[in-house]
Every structure is written in structure tokens, then in C-alpha cells.
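**Q** Have a look at the structure that comes next, please.
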Amino acid sequence: GNGSLILNKNFDDNSVTSGGWTTQLVSGPSNCDWGIYEGSNSAAKASNYLDGTNSACESWLISPAVDLTGTAPSLSFRNTYNFSGDPLVLMISTDYSGTGDPNSANWTDITSQVVWSGGGFEWISSGDIDLSNYTQANVYIAYKYTGSNSDGSTWEIDDVQIINNN
């Protein structure tokens, strides 16, 4: 975007949780929690596959609270995935406390606004996701990953930005 940067997370510091980001492993083994893919370009990664086994799990990658008051905000990020399994879900909340089980807060699913990767670890831009319905303080965005005992995609997210288009 051409506007001013409100939030920027590129994972190049090889940390999922720097800059106020958090992960919440709601269920499943620790390997299901969000981590870092360290390739030619670092990214946040979620997978439920370890040592030949898929595990049922739910893990969230959650932004810090952002103040979108008086802005014309849009969100964009790059994403890729491979393997069959549940799609990644993009959520937004204005009442999450910033800690603990995200399921205790109200979240709106905005997944349908996202341009998602077609798979095969092909990186794609999400496009600009309109956040103008959330022009207030204490806004969180989150990526909700789920896997089952029978399958699970590996998802990677990078270059998360919220821009003020005013």
C-alpha cells in the first residue's frame, strides 16, 4: 500500500513472538504451535506433522493489539501451504484480552476476503483486506491453524502489514 504503516511483521528476526505477537496452543502437542521456517526467507510456520504422524491440534498466531482509530486500514500478507488438511482461518477481534485462550473472546472470520495460496508451497499475496469495520483501539488479527489425526496442511505466513490508507 501507499499509506502509513501501522503494523509490520516479517519474521526476519527468526522470532514468531517479537513485536508483541503471541502464539496460543489451544490443543495438541507442542510441535503444533507456530514456529519459524528458516529457509531463504524466514516465515511463521504451522504444521501438525512430526515423525510420520499427524496430530489433532489448534494453534493461533495473534498480533499485538493495534489502534485503528481514525484510520482507513487494510491488511496484507504473503501465504503458502502444502499437503491436504483444514484451511488456515483469518480472524479479527476487538475484545481479546491479549493473553490466554483466544476462544474466550469474540472473533470474526474474515477468511473469505483473503487470496490464498493454491498449494505446493507457492507463495502468493493475500491482496488488500479491508479492515474499515474495525476503526477502533484494541484490534487483534489472528491466524487459526487446525490439524487432525488423519491429515494437516503446513502453512507459512510472512510480511504481515496493516496500512493506513488515509
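Letters for chains follow the order of the C-alpha cells (A, B, ...), residue numbers begin at 1 for each chain, and ligand numbers begin at 1 in the order shown.
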Which segment 40-91 of chain A residues have any atom within 9 Å of an atom of segment 121-143 of chain A, and for each, what is the nearest pair of atoms with distance in Å to one decimal, counting only C-alpha atoms, rows sorted by chain and number, as a tab-separated table?

**A**
residue	atom	partner	partner_atom	distance
A:Ser59	CA	A:Tyr143	CA	8.3
A:Trp60	CA	A:Tyr143	CA	5.6
A:Leu61	CA	A:Tyr143	CA	5.1
A:Ile62	CA	A:Ala142	CA	4.3
A:Ser63	CA	A:Ile141	CA	5.5
A:Pro64	CA	A:Tyr140	CA	6.3
A:Ala65	CA	A:Asn138	CA	4.9
A:Val66	CA	A:Val139	CA	5.1
A:Asp67	CA	A:Ala137	CA	4.0
A:Leu68	CA	A:Thr135	CA	4.6
A:Thr69	CA	A:Gln136	CA	4.2
A:Gly70	CA	A:Thr135	CA	6.3
A:Thr71	CA	A:Thr135	CA	6.3
A:Ala72	CA	A:Ser132	CA	5.7
A:Pro73	CA	A:Leu131	CA	5.3
A:Ser74	CA	A:Asp130	CA	4.7
A:Leu75	CA	A:Ile129	CA	4.9
A:Ser76	CA	A:Asp128	CA	5.2
A:Phe77	CA	A:Ser126	CA	5.5
A:Arg78	CA	A:Ser125	CA	4.5
A:Asn79	CA	A:Trp123	CA	5.5
A:Thr80	CA	A:Trp123	CA	4.7
A:Tyr81	CA	A:Phe121	CA	4.9
A:Asn82	CA	A:Phe121	CA	5.3
A:Phe83	CA	A:Phe121	CA	9.0
A:Leu88	CA	A:Tyr143	CA	6.7
A:Val89	CA	A:Tyr143	CA	5.7
A:Leu90	CA	A:Tyr143	CA	4.8
A:Met91	CA	A:Ala142	CA	5.1

**Q** Skip Gly35 of chain A itself and residues of its chain fewer than 4 positions away, then list as a PyMOL selection string all residues within 8 Å of it, counting only C-alpha atoms.

**A** chain A and resi 15-16+44-46

**Q** Include N, CA, C and O atoms and write out the residues we just selected as a PDB file, in the first residue's frame.

**A**
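Written output follows (again-v8.pdb):
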ATOM      1  N   SER A  15      11.937 -14.811  14.964  1.00  0.00           N
ATOM      2  CA  SER A  15      11.097 -14.897  16.154  1.00  0.00           C
ATOM      3  C   SER A  15       9.637 -14.726  15.771  1.00  0.00           C
ATOM      4  O   SER A  15       9.286 -13.749  15.102  1.00  0.00           O
ATOM      5  N   VAL A  16       8.814 -15.674  16.200  1.00  0.00           N
ATOM      6  CA  VAL A  16       7.378 -15.563  15.959  1.00  0.00           C
ATOM      7  C   VAL A  16       6.770 -14.527  16.890  1.00  0.00           C
ATOM      8  O   VAL A  16       5.821 -13.842  16.537  1.00  0.00           O
ATOM      9  N   ALA A  44       6.592 -17.377   9.478  1.00  0.00           N
ATOM     10  CA  ALA A  44       5.898 -18.115  10.526  1.00  0.00           C
ATOM     11  C   ALA A  44       5.346 -19.395   9.905  1.00  0.00           C
ATOM     12  O   ALA A  44       4.874 -19.393   8.769  1.00  0.00           O
ATOM     13  N   LYS A  45       5.418 -20.489  10.649  1.00  0.00           N
ATOM     14  CA  LYS A  45       5.020 -21.793  10.110  1.00  0.00           C
ATOM     15  C   LYS A  45       4.187 -22.552  11.132  1.00  0.00           C
ATOM     16  O   LYS A  45       4.500 -22.554  12.321  1.00  0.00           O
ATOM     17  N   ALA A  46       3.131 -23.215  10.645  1.00  0.00           N
ATOM     18  CA  ALA A  46       2.333 -24.107  11.488  1.00  0.00           C
ATOM     19  C   ALA A  46       2.155 -25.431  10.765  1.00  0.00           C
ATOM     20  O   ALA A  46       1.845 -25.471   9.574  1.00  0.00           O
TER      21      ALA A  46
END

**Q** For a quick check of understanding, using only C-alpha atoms, which of A:Asn8, A:Thr111, A:Ser93, A:Thr99 has the smallest distance to Gln24 of chain A?

**A**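 Under the stated criterion, the closest residue is A:Thr99.
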
**Q** Name all residues at most 8 Å from Leu5 of chain A (count only C-alpha atoms; drop same-chain ones fewer than 3 positions away) and give them as a CSV table (one decimal) with all heavy atoms, in the first residue's frame.

**A**
chain,number,residue,atom,x,y,z
A,8,ASN,N,3.8,-4.1,11.1
A,8,ASN,CA,4.7,-4.7,10.1
A,8,ASN,C,5.4,-5.9,10.8
A,8,ASN,O,6.1,-5.7,11.8
A,8,ASN,CB,5.7,-3.7,9.6
A,8,ASN,CG,6.6,-4.3,8.5
A,8,ASN,OD1,6.1,-5.0,7.7
A,8,ASN,ND2,7.8,-3.9,8.5
A,161,GLN,N,1.3,-6.9,7.1
A,161,GLN,CA,1.2,-5.4,7.2
A,161,GLN,C,-0.2,-4.9,7.4
A,161,GLN,O,-1.1,-5.4,6.7
A,161,GLN,CB,1.9,-4.8,6.0
A,161,GLN,CG,3.4,-5.0,5.9
A,161,GLN,CD,4.0,-4.2,4.8
A,161,GLN,OE1,3.3,-3.8,3.8
A,161,GLN,NE2,5.2,-3.8,4.9
A,162,ILE,N,-0.4,-4.0,8.3
A,162,ILE,CA,-1.6,-3.2,8.3
A,162,ILE,C,-1.2,-1.7,7.9
A,162,ILE,O,-0.3,-1.2,8.5
A,162,ILE,CB,-2.3,-3.2,9.6
A,162,ILE,CG1,-2.8,-4.6,10.0
A,162,ILE,CG2,-3.5,-2.3,9.6
A,162,ILE,CD1,-3.4,-4.8,11.3
A,163,ILE,N,-1.9,-1.2,6.9
A,163,ILE,CA,-1.6,0.1,6.3
A,163,ILE,C,-2.8,1.0,6.6
A,163,ILE,O,-3.9,0.6,6.5
A,163,ILE,CB,-1.3,0.0,4.8
A,163,ILE,CG1,-0.2,-1.0,4.5
A,163,ILE,CG2,-1.2,1.4,4.2
A,163,ILE,CD1,1.2,-0.4,4.7
A,164,ASN,N,-2.5,2.3,6.9
A,164,ASN,CA,-3.5,3.3,7.0
A,164,ASN,C,-3.5,4.0,5.6
A,164,ASN,O,-2.6,4.6,5.2
A,164,ASN,CB,-3.2,4.4,8.1
A,164,ASN,CG,-4.2,5.5,8.1
A,164,ASN,OD1,-5.2,5.5,7.4
A,164,ASN,ND2,-3.9,6.5,8.9

**Q** Which residues, written as a CSV table (one decimal) with all heavy atoms, in the first residue's frame, have at least one atom at most 6 Å from Ser42 of chain A, with only C-alpha atoms counted and residues fewer than 3 positions away on the same chain left out?

**A**
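Result went into out.csv, see below:
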chain,number,residue,atom,x,y,z
A,11,PHE,N,9.2,-11.5,10.3
A,11,PHE,CA,9.8,-12.7,10.8
A,11,PHE,C,11.3,-12.9,10.5
A,11,PHE,O,11.8,-13.9,10.7
A,11,PHE,CB,9.0,-14.0,10.4
A,11,PHE,CG,7.5,-13.9,10.8
A,11,PHE,CD1,6.6,-13.6,9.8
A,11,PHE,CD2,7.1,-14.1,12.1
A,11,PHE,CE1,5.2,-13.5,10.1
A,11,PHE,CE2,5.8,-14.0,12.4
A,11,PHE,CZ,4.8,-13.7,11.4
A,12,ASP,N,11.9,-11.8,9.9
A,12,ASP,CA,13.3,-11.9,9.5
A,12,ASP,C,14.2,-12.0,10.8
A,12,ASP,O,15.4,-12.4,10.6
A,12,ASP,CB,13.7,-10.7,8.7
A,12,ASP,CG,13.1,-10.8,7.3
A,12,ASP,OD1,12.5,-11.9,6.9
A,12,ASP,OD2,13.2,-9.8,6.5
A,37,TYR,N,9.9,-21.0,10.1
A,37,TYR,CA,10.5,-21.7,9.0
A,37,TYR,C,11.7,-20.9,8.6
A,37,TYR,O,11.6,-19.7,8.2
A,37,TYR,CB,9.6,-21.8,7.8
A,37,TYR,CG,10.3,-22.2,6.5
A,37,TYR,CD1,10.6,-23.6,6.4
A,37,TYR,CD2,10.6,-21.3,5.5
A,37,TYR,CE1,11.3,-24.0,5.2
A,37,TYR,CE2,11.3,-21.7,4.4
A,37,TYR,CZ,11.7,-23.1,4.3
A,37,TYR,OH,12.4,-23.5,3.1
A,38,GLU,N,12.9,-21.5,8.7
A,38,GLU,CA,14.1,-20.8,8.4
A,38,GLU,C,14.7,-21.3,7.0
A,38,GLU,O,15.4,-22.2,7.0
A,38,GLU,CB,15.2,-21.0,9.5
A,38,GLU,CG,14.8,-20.4,10.8
A,38,GLU,CD,15.8,-20.6,11.9
A,38,GLU,OE1,17.0,-20.5,11.6
A,38,GLU,OE2,15.4,-20.8,13.0
A,39,GLY,N,14.2,-20.7,6.0
A,39,GLY,CA,14.7,-21.0,4.7
A,39,GLY,C,15.4,-19.8,4.1
A,39,GLY,O,16.0,-19.1,4.8

**Q** Can you list, as a PyMOL selection string, all residues belonging to chain A that DSSP tags as strand (DSSP E)?

**A** chain A and resi 4-9+22-27+35-37+43-46+49-50+53-54+57-62+73-82+89-93+108-109+124-125+129-130+140-147+154-164

**Q** Return the single residue from A:Thr17, A:Ser84, A:Thr94, A:Ser4 that is closest to Ser150 of chain A, with distances computed using only C-alpha atoms.

**A**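 Nearest to Ser150 of chain A: A:Ser84.
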
**Q** For the atom pair atom CA of Asp151 of chain A and atom CA of Val26 of chain A, what is the interatomic distance in Å to one decimal place?

**A**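 About the pair atom CA of Asp151 of chain A and atom CA of Val26 of chain A: they are 18.1 Å apart.
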
**Q** Determine, counting only C-alpha atoms, which protein, DNA and RNA residues have an atom within 9 Å of an atom of Ser47 of chain A; residues of the same chain fewer than 5 positions away are not included. Present the result as a PyMOL selection string.

**A** chain A and resi 31-35+54+145-147+152-156

**Q** What does the structure give for the distance between atom CA of Ser148 of chain A and atom CA of Asn48 of chain A, in Å to one decimal?

**A**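 Interatomic distance here is 7.8 Å.
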
**Q** Between atom CA of Asn10 of chain A and atom CA of Ile36 of chain A, what is the distance in Å, rounded to a tenth?

**A**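 Taking atom CA of Asn10 of chain A as the start and atom CA of Ile36 of chain A as the end point, the length is 11.0 Å.
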
**Q** Out of segment 3-137 of chain A, which residues get helix (DSSP H, G or I) from DSSP, as a list in words?

**A**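 Assigned to helix (DSSP H, G or I), within segment 3-137 of chain A: Ser18, Gly19, Gly20, Ser30, Asn31, Cys32, Pro102, Asn103, Ser104, Thr111, Ser112, Gln113, Ser132, Asn133 and Tyr134 of chain A.
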